[in-house]
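K.L.:
So here's protein.tsv, just TSV, C-alpha atoms:
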chain	number	residue	atom	x	y	z
A	1	MET	CA	-1.27	-46.75	-23.17
A	2	ASN	CA	-0.41	-49.19	-25.96
A	3	PHE	CA	2.09	-47.27	-28.09
A	4	HIS	CA	2.40	-50.18	-30.53
A	5	ALA	CA	-1.26	-49.78	-31.50
A	6	SER	CA	-0.55	-46.28	-32.82
A	7	VAL	CA	2.32	-47.39	-35.08
A	8	PRO	CA	1.19	-47.46	-38.75
A	9	LYS	CA	1.01	-50.96	-40.19
A	10	ILE	CA	3.29	-51.71	-43.12
A	11	PRO	CA	1.14	-52.75	-46.12
A	12	PRO	CA	1.69	-56.28	-47.43
A	13	ARG	CA	4.13	-56.69	-50.32
A	14	ILE	CA	2.91	-58.77	-53.25
A	15	LEU	CA	5.35	-60.15	-55.79
A	16	CYS	CA	3.81	-59.93	-59.28
A	17	ILE	CA	5.45	-62.28	-61.78
A	18	GLY	CA	4.93	-61.80	-65.49
A	19	MET	CA	6.03	-60.04	-68.64
A	20	PRO	CA	5.67	-56.25	-68.85
A	21	VAL	CA	4.24	-55.21	-72.21
A	22	ARG	CA	4.42	-52.01	-74.22
A	23	ASP	CA	0.80	-51.25	-75.19
A	24	LEU	CA	-0.12	-49.13	-78.21
A	25	THR	CA	-3.82	-48.36	-77.73
A	26	PHE	CA	-6.23	-47.07	-80.38
A	27	ARG	CA	-9.86	-46.10	-79.90
A	28	VAL	CA	-11.79	-47.10	-83.03
A	29	ARG	CA	-15.40	-46.87	-84.20
A	30	GLY	CA	-15.19	-50.53	-85.16
A	31	VAL	CA	-12.55	-53.24	-85.47
A	32	PRO	CA	-11.47	-53.21	-89.13
A	33	ALA	CA	-12.35	-56.14	-91.33
A	34	ARG	CA	-9.60	-58.20	-92.95
A	35	GLY	CA	-7.77	-56.18	-95.59
A	36	SER	CA	-9.49	-52.89	-94.67
A	37	LYS	CA	-8.40	-49.69	-92.91
A	38	GLU	CA	-9.84	-47.82	-89.95
A	39	ASN	CA	-9.00	-44.36	-88.59
A	40	ALA	CA	-8.52	-44.23	-84.84
A	41	THR	CA	-10.19	-41.47	-82.82
A	42	HIS	CA	-7.53	-41.54	-80.11
A	43	PHE	CA	-4.04	-42.99	-79.54
A	44	GLU	CA	-2.09	-43.54	-76.34
A	45	GLU	CA	1.01	-45.52	-75.46
A	46	ILE	CA	0.90	-47.12	-72.02
A	47	SER	CA	2.68	-49.87	-70.12
A	48	GLY	CA	0.75	-53.09	-69.67
A	49	GLY	CA	0.90	-56.82	-69.17
A	50	ASN	CA	-0.99	-58.83	-66.56
A	51	ALA	CA	1.61	-58.54	-63.80
A	52	LEU	CA	2.34	-54.86	-64.30
A	53	ASN	CA	-1.36	-54.00	-64.43
A	54	ALA	CA	-2.05	-55.97	-61.27
A	55	ALA	CA	0.85	-54.24	-59.50
A	56	ILE	CA	-0.63	-50.84	-60.32
A	57	SER	CA	-3.94	-51.95	-58.86
A	58	ILE	CA	-2.30	-53.25	-55.68
A	59	VAL	CA	-0.43	-50.03	-55.00
A	60	ARG	CA	-3.43	-47.80	-55.68
A	61	LEU	CA	-5.50	-49.89	-53.29
A	62	GLY	CA	-3.00	-49.46	-50.48
A	63	GLY	CA	-0.61	-52.40	-50.85
A	64	ARG	CA	3.00	-52.68	-51.91
A	65	ALA	CA	3.98	-54.37	-55.16
A	66	SER	CA	7.17	-55.57	-56.74
A	67	ILE	CA	7.41	-57.00	-60.23
A	68	CYS	CA	9.62	-59.77	-61.55
A	69	GLY	CA	9.95	-61.24	-65.01
A	70	PRO	CA	11.75	-60.86	-68.32
A	71	MET	CA	12.04	-57.72	-70.42
A	72	GLY	CA	14.01	-56.96	-73.55
A	73	ASP	CA	17.46	-55.45	-73.87
A	74	VAL	CA	18.21	-52.75	-71.29
A	75	ARG	CA	19.09	-50.35	-74.14
A	76	GLU	CA	15.54	-50.40	-75.52
A	77	THR	CA	13.69	-47.09	-75.46
A	78	SER	CA	10.54	-48.88	-74.34
A	79	SER	CA	12.38	-50.32	-71.31
A	80	ARG	CA	13.36	-46.87	-70.07
A	81	TYR	CA	9.81	-45.58	-70.64
A	82	MET	CA	8.28	-48.45	-68.70
A	83	PHE	CA	10.70	-48.14	-65.79
A	84	ASP	CA	9.77	-44.48	-65.48
A	85	LYS	CA	6.09	-45.48	-65.32
A	86	LEU	CA	6.77	-48.12	-62.68
A	87	ALA	CA	8.72	-45.66	-60.56
A	88	HIS	CA	5.93	-43.10	-60.82
A	89	GLU	CA	3.42	-45.67	-59.54
A	90	GLY	CA	5.68	-46.70	-56.67
A	91	ILE	CA	6.27	-50.24	-57.93
A	92	ASP	CA	9.55	-51.97	-57.06
A	93	ALA	CA	11.15	-53.06	-60.36
A	94	ARG	CA	14.58	-54.17	-59.13
A	95	HIS	CA	13.80	-57.85	-59.87
A	96	ILE	CA	13.07	-57.29	-63.56
A	97	VAL	CA	15.45	-59.38	-65.66
A	98	HIS	CA	16.72	-57.76	-68.87
A	99	MET	CA	17.41	-60.24	-71.70
A	100	PRO	CA	20.26	-59.02	-73.94
A	101	GLY	CA	19.33	-58.68	-77.60
A	102	LEU	CA	15.62	-59.43	-77.06
A	103	VAL	CA	12.55	-57.26	-77.57
A	104	THR	CA	10.19	-56.35	-74.76
A	105	PRO	CA	6.68	-57.66	-75.55
A	106	ILE	CA	4.52	-55.22	-77.50
A	107	SER	CA	0.76	-55.10	-78.13
A	108	THR	CA	-1.51	-53.26	-80.52
A	109	ILE	CA	-4.89	-52.78	-78.85
A	110	MET	CA	-8.10	-51.58	-80.50
A	111	ILE	CA	-10.91	-50.43	-78.19
A	112	ASP	CA	-14.38	-50.13	-79.71
A	113	PRO	CA	-17.25	-47.89	-78.47
A	114	SER	CA	-18.58	-50.68	-76.19
A	115	GLY	CA	-15.26	-50.74	-74.34
A	116	GLU	CA	-14.32	-54.19	-75.66
A	117	ARG	CA	-10.71	-54.61	-76.72
A	118	THR	CA	-9.07	-56.56	-79.55
A	119	ILE	CA	-5.38	-57.30	-79.00
A	120	VAL	CA	-2.43	-58.46	-81.10
A	121	THR	CA	0.71	-59.17	-79.04
A	122	PHE	CA	4.27	-60.15	-79.90
A	123	ARG	CA	6.32	-61.95	-77.23
A	124	ASP	CA	9.78	-63.18	-78.20
A	125	PRO	CA	9.86	-66.95	-77.48
A	126	GLU	CA	13.35	-66.53	-76.00
A	127	LEU	CA	11.87	-64.54	-73.09
A	128	TRP	CA	10.56	-67.79	-71.60
A	129	LYS	CA	14.16	-68.90	-71.00
A	130	VAL	CA	14.59	-66.27	-68.28
A	131	ARG	CA	16.19	-67.29	-64.99
A	132	LEU	CA	14.58	-65.50	-62.06
A	133	PRO	CA	16.58	-64.36	-59.01
A	134	HIS	CA	17.02	-66.81	-56.11
A	135	PRO	CA	13.86	-67.60	-54.08
A	136	ASP	CA	15.45	-66.27	-50.88
A	137	VAL	CA	15.78	-62.88	-52.57
A	138	LEU	CA	12.29	-62.84	-54.11
A	139	LEU	CA	10.41	-64.23	-51.11
A	140	GLU	CA	11.95	-62.00	-48.46
A	141	ASP	CA	9.18	-59.85	-46.98
A	142	CYS	CA	6.74	-61.38	-49.49
A	143	ALA	CA	3.10	-61.64	-48.37
A	144	ALA	CA	1.88	-63.31	-51.58
A	145	ILE	CA	2.79	-64.13	-55.17
A	146	LEU	CA	0.51	-63.17	-58.03
A	147	THR	CA	1.43	-64.69	-61.38
A	148	GLU	CA	-0.12	-65.49	-64.73
A	149	SER	CA	-0.49	-69.03	-66.00
A	150	ARG	CA	1.54	-68.41	-69.16
A	151	CYS	CA	4.62	-67.89	-66.96
A	152	ALA	CA	4.46	-71.42	-65.51
A	153	GLU	CA	7.59	-72.43	-67.40
A	154	PHE	CA	9.83	-70.13	-65.36
A	155	CYS	CA	7.93	-69.55	-62.11
A	156	THR	CA	6.43	-72.89	-60.99
A	157	ASP	CA	9.43	-73.87	-58.87
A	158	LEU	CA	9.38	-70.49	-57.14
A	159	CYS	CA	5.63	-70.81	-56.50
A	160	ALA	CA	6.11	-74.30	-55.04
A	161	GLU	CA	8.78	-72.93	-52.70
A	162	ALA	CA	6.46	-70.11	-51.67
A	163	ARG	CA	3.76	-72.64	-50.76
A	164	ARG	CA	6.30	-74.58	-48.67
A	165	ARG	CA	6.84	-71.32	-46.78
A	166	ASP	CA	3.06	-70.83	-46.36
A	167	ILE	CA	3.02	-67.84	-48.74
A	168	PRO	CA	-0.20	-67.62	-50.80
A	169	VAL	CA	0.17	-68.02	-54.57
A	170	ILE	CA	-2.62	-66.53	-56.68
A	171	VAL	CA	-2.64	-67.54	-60.35
A	172	ASP	CA	-4.39	-65.58	-63.09
A	173	VAL	CA	-5.37	-68.29	-65.57
A	174	ASP	CA	-6.01	-66.66	-68.95
A	175	ARG	CA	-5.05	-69.60	-71.16
A	176	ALA	CA	-5.94	-73.28	-71.06
A	177	MET	CA	-3.83	-75.30	-68.62
A	178	SER	CA	-2.83	-78.93	-68.75
A	179	LEU	CA	-4.48	-80.99	-66.03
A	180	ARG	CA	-0.93	-82.03	-65.15
A	181	GLU	CA	0.25	-78.40	-64.87
A	182	GLY	CA	2.51	-77.84	-61.88
A	183	LEU	CA	0.72	-74.62	-60.94
A	184	LEU	CA	-2.41	-76.63	-60.14
A	185	THR	CA	-0.71	-77.73	-56.94
A	186	ALA	CA	1.93	-74.98	-56.58
A	187	SER	CA	-0.84	-72.44	-55.89
A	188	SER	CA	-3.33	-71.52	-53.21
A	189	HIS	CA	-5.82	-69.70	-55.45
A	190	LEU	CA	-6.58	-70.29	-59.15
A	191	VAL	CA	-8.75	-67.64	-60.80
A	192	PHE	CA	-9.71	-68.57	-64.36
A	193	SER	CA	-11.26	-66.57	-67.15
A	194	SER	CA	-14.34	-68.40	-68.41
A	195	GLU	CA	-13.01	-69.61	-71.76
A	196	PRO	CA	-9.73	-71.11	-70.48
A	197	LEU	CA	-11.65	-72.60	-67.54
A	198	GLN	CA	-13.85	-74.57	-69.89
A	199	GLU	CA	-10.93	-75.45	-72.18
A	200	THR	CA	-8.83	-76.67	-69.26
A	201	ALA	CA	-11.59	-78.97	-67.98
A	202	ASP	CA	-12.91	-79.83	-71.46
A	203	VAL	CA	-16.39	-78.97	-70.15
A	204	THR	CA	-18.74	-76.32	-71.57
A	205	ASP	CA	-20.18	-75.24	-68.22
A	206	ASP	CA	-18.21	-73.05	-65.81
A	207	GLY	CA	-19.54	-74.65	-62.64
A	208	ALA	CA	-18.98	-78.21	-63.86
A	209	ALA	CA	-15.49	-77.21	-64.99
A	210	LEU	CA	-14.61	-75.89	-61.53
A	211	LYS	CA	-15.83	-79.10	-59.90
A	212	LYS	CA	-13.78	-81.23	-62.28
A	213	ILE	CA	-10.59	-79.26	-61.60
A	214	ALA	CA	-11.29	-79.35	-57.84
A	215	LYS	CA	-10.60	-83.09	-57.93
A	216	LEU	CA	-7.00	-82.33	-58.90
A	217	THR	CA	-6.06	-79.48	-56.56
A	218	SER	CA	-6.77	-78.15	-53.09
A	219	SER	CA	-6.48	-74.55	-54.36
A	220	PHE	CA	-9.41	-72.15	-54.15
A	221	LEU	CA	-11.07	-72.10	-57.58
A	222	ALA	CA	-12.99	-69.32	-59.29
A	223	GLY	CA	-14.01	-68.30	-62.80
A	224	THR	CA	-14.48	-64.68	-63.86
A	225	ARG	CA	-17.15	-63.88	-66.45
A	226	GLY	CA	-16.97	-60.11	-66.92
A	227	PRO	CA	-20.35	-58.41	-66.47
A	228	GLN	CA	-21.87	-61.78	-65.52
A	229	GLY	CA	-19.87	-61.90	-62.31
A	230	THR	CA	-17.64	-64.55	-60.76
A	231	ILE	CA	-18.45	-68.19	-60.04
A	232	TRP	CA	-16.48	-70.00	-57.34
A	233	LEU	CA	-16.36	-72.99	-55.01
A	234	ASP	CA	-16.70	-72.46	-51.27
A	235	GLU	CA	-14.96	-74.52	-48.60
A	236	LEU	CA	-17.67	-77.20	-48.84
A	237	GLY	CA	-17.32	-77.47	-52.62
A	238	HIS	CA	-20.62	-75.67	-53.24
A	239	LEU	CA	-20.92	-73.27	-56.15
A	240	GLN	CA	-21.31	-69.61	-55.27
A	241	GLU	CA	-21.66	-66.54	-57.44
A	242	THR	CA	-20.46	-62.99	-56.85
A	243	ALA	CA	-22.41	-60.52	-58.94
A	244	ALA	CA	-20.64	-57.91	-61.03
A	245	PHE	CA	-21.23	-54.25	-60.27
A	246	PRO	CA	-23.29	-52.65	-63.06
A	247	VAL	CA	-21.37	-49.71	-64.55
A	248	HIS	CA	-21.18	-47.82	-67.82
A	249	THR	CA	-18.23	-49.53	-69.56
A	250	VAL	CA	-15.92	-47.54	-71.81
A	251	ASP	CA	-12.67	-49.55	-71.61
A	252	THR	CA	-12.20	-53.17	-70.44
A	253	LEU	CA	-8.43	-53.15	-71.04
A	254	GLY	CA	-6.71	-54.24	-67.83
A	255	ALA	CA	-9.94	-54.88	-65.92
A	256	GLY	CA	-9.16	-58.54	-65.33
A	257	ASP	CA	-5.68	-57.67	-64.09
A	258	VAL	CA	-7.10	-55.05	-61.72
A	259	PHE	CA	-9.47	-57.75	-60.43
A	260	HIS	CA	-6.58	-60.14	-59.74
A	261	GLY	CA	-4.45	-57.47	-58.09
A	262	ALA	CA	-7.31	-56.42	-55.82
A	263	PHE	CA	-8.13	-60.03	-54.98
A	264	ALA	CA	-4.50	-60.82	-54.09
A	265	LEU	CA	-4.32	-57.77	-51.85
A	266	ALA	CA	-7.58	-58.71	-50.14
A	267	ILE	CA	-6.23	-62.21	-49.44
A	268	THR	CA	-3.07	-60.80	-47.83
A	269	GLU	CA	-5.24	-58.52	-45.70
A	270	GLY	CA	-7.13	-61.54	-44.38
A	271	GLN	CA	-10.44	-60.71	-46.03
A	272	GLU	CA	-12.90	-63.60	-46.15
A	273	LEU	CA	-13.24	-65.05	-49.67
A	274	ARG	CA	-16.71	-63.68	-50.32
A	275	GLN	CA	-15.58	-60.23	-49.24
A	276	ALA	CA	-12.33	-60.48	-51.23
A	277	LEU	CA	-14.21	-61.32	-54.43
A	278	ARG	CA	-16.60	-58.40	-53.97
A	279	PHE	CA	-13.64	-56.10	-53.33
A	280	ALA	CA	-11.97	-57.29	-56.54
A	281	SER	CA	-15.20	-57.03	-58.53
A	282	ALA	CA	-15.73	-53.45	-57.40
A	283	ALA	CA	-12.17	-52.46	-58.34
A	284	ALA	CA	-12.50	-54.00	-61.81
A	285	ALA	CA	-15.88	-52.37	-62.39
A	286	LEU	CA	-14.56	-48.91	-61.58
A	287	LYS	CA	-11.60	-49.41	-63.91
A	288	CYS	CA	-14.03	-50.16	-66.76
A	289	THR	CA	-15.63	-46.72	-66.41
A	290	ARG	CA	-12.57	-44.88	-67.75
A	291	PHE	CA	-9.91	-45.17	-70.40
A	292	GLY	CA	-6.25	-45.90	-69.78
A	293	GLY	CA	-5.87	-49.60	-69.11
A	294	ALA	CA	-4.70	-50.30	-65.56
A	295	PHE	CA	-3.59	-46.67	-65.27
A	296	ALA	CA	-7.30	-46.03	-64.81
A	297	ALA	CA	-7.36	-48.35	-61.77
A	298	PRO	CA	-9.25	-46.88	-58.80
A	299	GLN	CA	-8.05	-45.69	-55.43
A	300	ARG	CA	-9.10	-47.50	-52.24
A	301	ALA	CA	-11.66	-44.89	-51.20
A	302	GLU	CA	-13.48	-45.25	-54.52
A	303	VAL	CA	-13.75	-49.02	-54.13
A	304	GLU	CA	-15.01	-48.75	-50.57
A	305	GLN	CA	-17.62	-46.24	-51.66
A	306	LEU	CA	-18.91	-48.60	-54.36
A	307	LEU	CA	-18.90	-51.51	-51.92
A	308	GLY	CA	-21.17	-49.46	-49.70
A	309	GLN	CA	-23.94	-49.94	-52.24
A	310	GLY	CA	-24.07	-53.61	-51.22
A	311	GLN	CA	-24.19	-56.71	-53.40
A	312	GLY	CA	-23.97	-60.30	-52.23
A	313	ALA	CA	-23.07	-63.74	-53.42
A	314	ARG	CA	-25.65	-66.43	-53.92
A	315	PRO	CA	-25.63	-70.18	-54.55
A	316	VAL	CA	-25.96	-71.17	-58.20
A	317	GLN	CA	-26.92	-74.32	-60.04
A	318	THR	CA	-24.87	-75.99	-62.73
A	319	SER	CA	-24.99	-79.11	-64.81
A	320	GLN	CA	-23.30	-82.09	-63.17
Using structure tokens, write down the structure that the file contains.
P.N.:
Amino acid sequence: MNFHASVPKIPPRILCIGMPVRDLTFRVRGVPARGSKENATHFEEISGGNALNAAISIVRLGGRASICGPMGDVRETSSRYMFDKLAHEGIDARHIVHMPGLVTPISTIMIDPSGERTIVTFRDPELWKVRLPHPDVLLEDCAAILTESRCAEFCTDLCAEARRRDIPVIVDVDRAMSLREGLLTASSHLVFSSEPLQETADVTDDGAALKKIAKLTSSFLAGTRGPQGTIWLDELGHLQETAAFPVHTVDTLGAGDVFHGAFALAITEGQELRQALRFASAAAALKCTRFGGAFAAPQRAEVEQLLGQGQGARPVQTSQ
């Protein structure tokens, strides 16, 4: 009898790098016009930010997540609130770096009846001067890094070291990047939102933009387009498309972060790219069906049930 086969496997640990954010969310009948007022129908304070949201998704889907990045002064009330939330979700927060005298990022978020969100965020510019712990500390027992492109200033060197150690680095690109950006090569997977994808490549077609960027990096490239699905390049450089799962959307807040967290976990589990993208798409779709930002992220069983409905990826055409 093989006793080792019966020993439970330890889930992969993914290091999520970013800035936790205090989110003040309001449900509104419509986003107010300039100079006007609007009464909210619901208010909730939650913890957010790309990295924190992705970490929640990873843990709920069966992985382990730790989070690293700058926060405000340790004496802040919001810091204590957010640490309690992280502990409740089972997320390792020991690598968070408190910045004395600074304010933890804060967002005001308005969610309209279609589920679309409008966000105003304040991030203290001094937060970008953070010094992360030593790579040997952060990369110990690390199966992958998931970071956001806006954090390139303080995480690119760590990501490059991770790649030297054969650790995957997945980058959530939600702002335009320079074509000389270090993360283009200090990554294994670059997943763009559609607008920054086109802005980065200076091309108005997602597929053509991916092909242009592919000339500069060996990383896997994809572009997410919400309900229109995900476009990506396969190993032969051919464009593929993963369809979105049709759901009744009530809240898109955190959906992209749930997608990235699920995708990173799938990569660490050895899922084939097509399968990993479907897994991530299903997780994001389920999140959109309920309020609460990433705290509405689904459990693994829910995602697997939705995947059982079956949707595939198909080749797509784009302008050259």
K.L.:
So how many Å separate atom CA of A:Thr249 and atom CA of A:Leu197, to one decimal?
P.N.:
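Distance between the two atoms: 24.1 Å.
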K.L.:
Atom CA of A:Leu221 and atom CA of A:His95, how far apart in Å?
P.N.:
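The value is 28.8 Å.
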K.L.:
For atom CA of A:Phe263 and atom CA of A:Lys211, determine how far apart the two atoms are, in Å to one decimal place.
P.N.:
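We find that atom CA of A:Phe263 and atom CA of A:Lys211 lie 21.1 Å from each other.
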K.L.:
For stretch 124-126 of chain A, please output as a ChimeraX atom specification all residues within 9 Å (counting all atoms listed in the file; exclusion window: fewer than 3 positions along the same chain).
P.N.:
/A:72,99,102-105,129-130
K.L.:
Would you mind listing, for every residue of stretch 225-319 of chain A within 10 Å of stretch 24-45 of chain A, the two atoms forming the shortest contact and the distance between them in Å to one decimal, using all atoms listed in the file, sorted by chain and ascending residue number, as CSV?
P.N.:
residue,atom,partner,partner_atom,distance
A:Asp251,CA,A:Arg27,CA,9.4
A:Leu253,CA,A:Thr25,CA,9.4
A:Phe291,CA,A:Arg27,CA,9.5
A:Gly292,CA,A:Glu44,CA,8.1
A:Gly293,CA,A:Thr25,CA,8.9
K.L.:
May I ask which of the residues A:Thr185, A:Arg175, A:Ser281, A:Ala266 is the closest one to A:Arg225, counting all atoms listed in the file?
P.N.:
A:Ser281
K.L.:
Using only C-alpha atoms, which residue out of A:Pro196, A:Pro168, A:Gly69, A:Gly261 lies closest to A:Pro133?
P.N.:
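Distance minimum relative to A:Pro133 lands on A:Gly69.
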K.L.:
Using all atoms listed in the file, find the one residue out of A:Met71, A:Ile46, A:Ala244, A:Ala186 that sits nearest to A:Lys85.
P.N.:
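Among the listed residues, the smallest separation from A:Lys85 belongs to A:Ile46.
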K.L.:
Would you be able to write out as a list in words which residues have an atom within 10 Å of (-8.3, -70.4, -54.3) in the file's coordinates, counting all atoms listed in the file?
P.N.:
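The distance filter leaves exactly Pro168, Val169, Ile170, Val171, Ser187, Ser188, His189, Leu190, Val191, Thr217, Ser218, Ser219, Phe220, Leu221, Ala222, Trp232, Leu233, Asp234, Glu235, Ile267 and Leu273 of chain A.
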K.L.:
Counting all atoms listed in the file, figure out which residue out of A:Glu148, A:Glu153, A:Glu161, A:Glu140 gets nearest to A:Gly18.
P.N.:
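Ranking A:Glu148, A:Glu153, A:Glu161, A:Glu140 by distance to A:Gly18, first place goes to A:Glu148.
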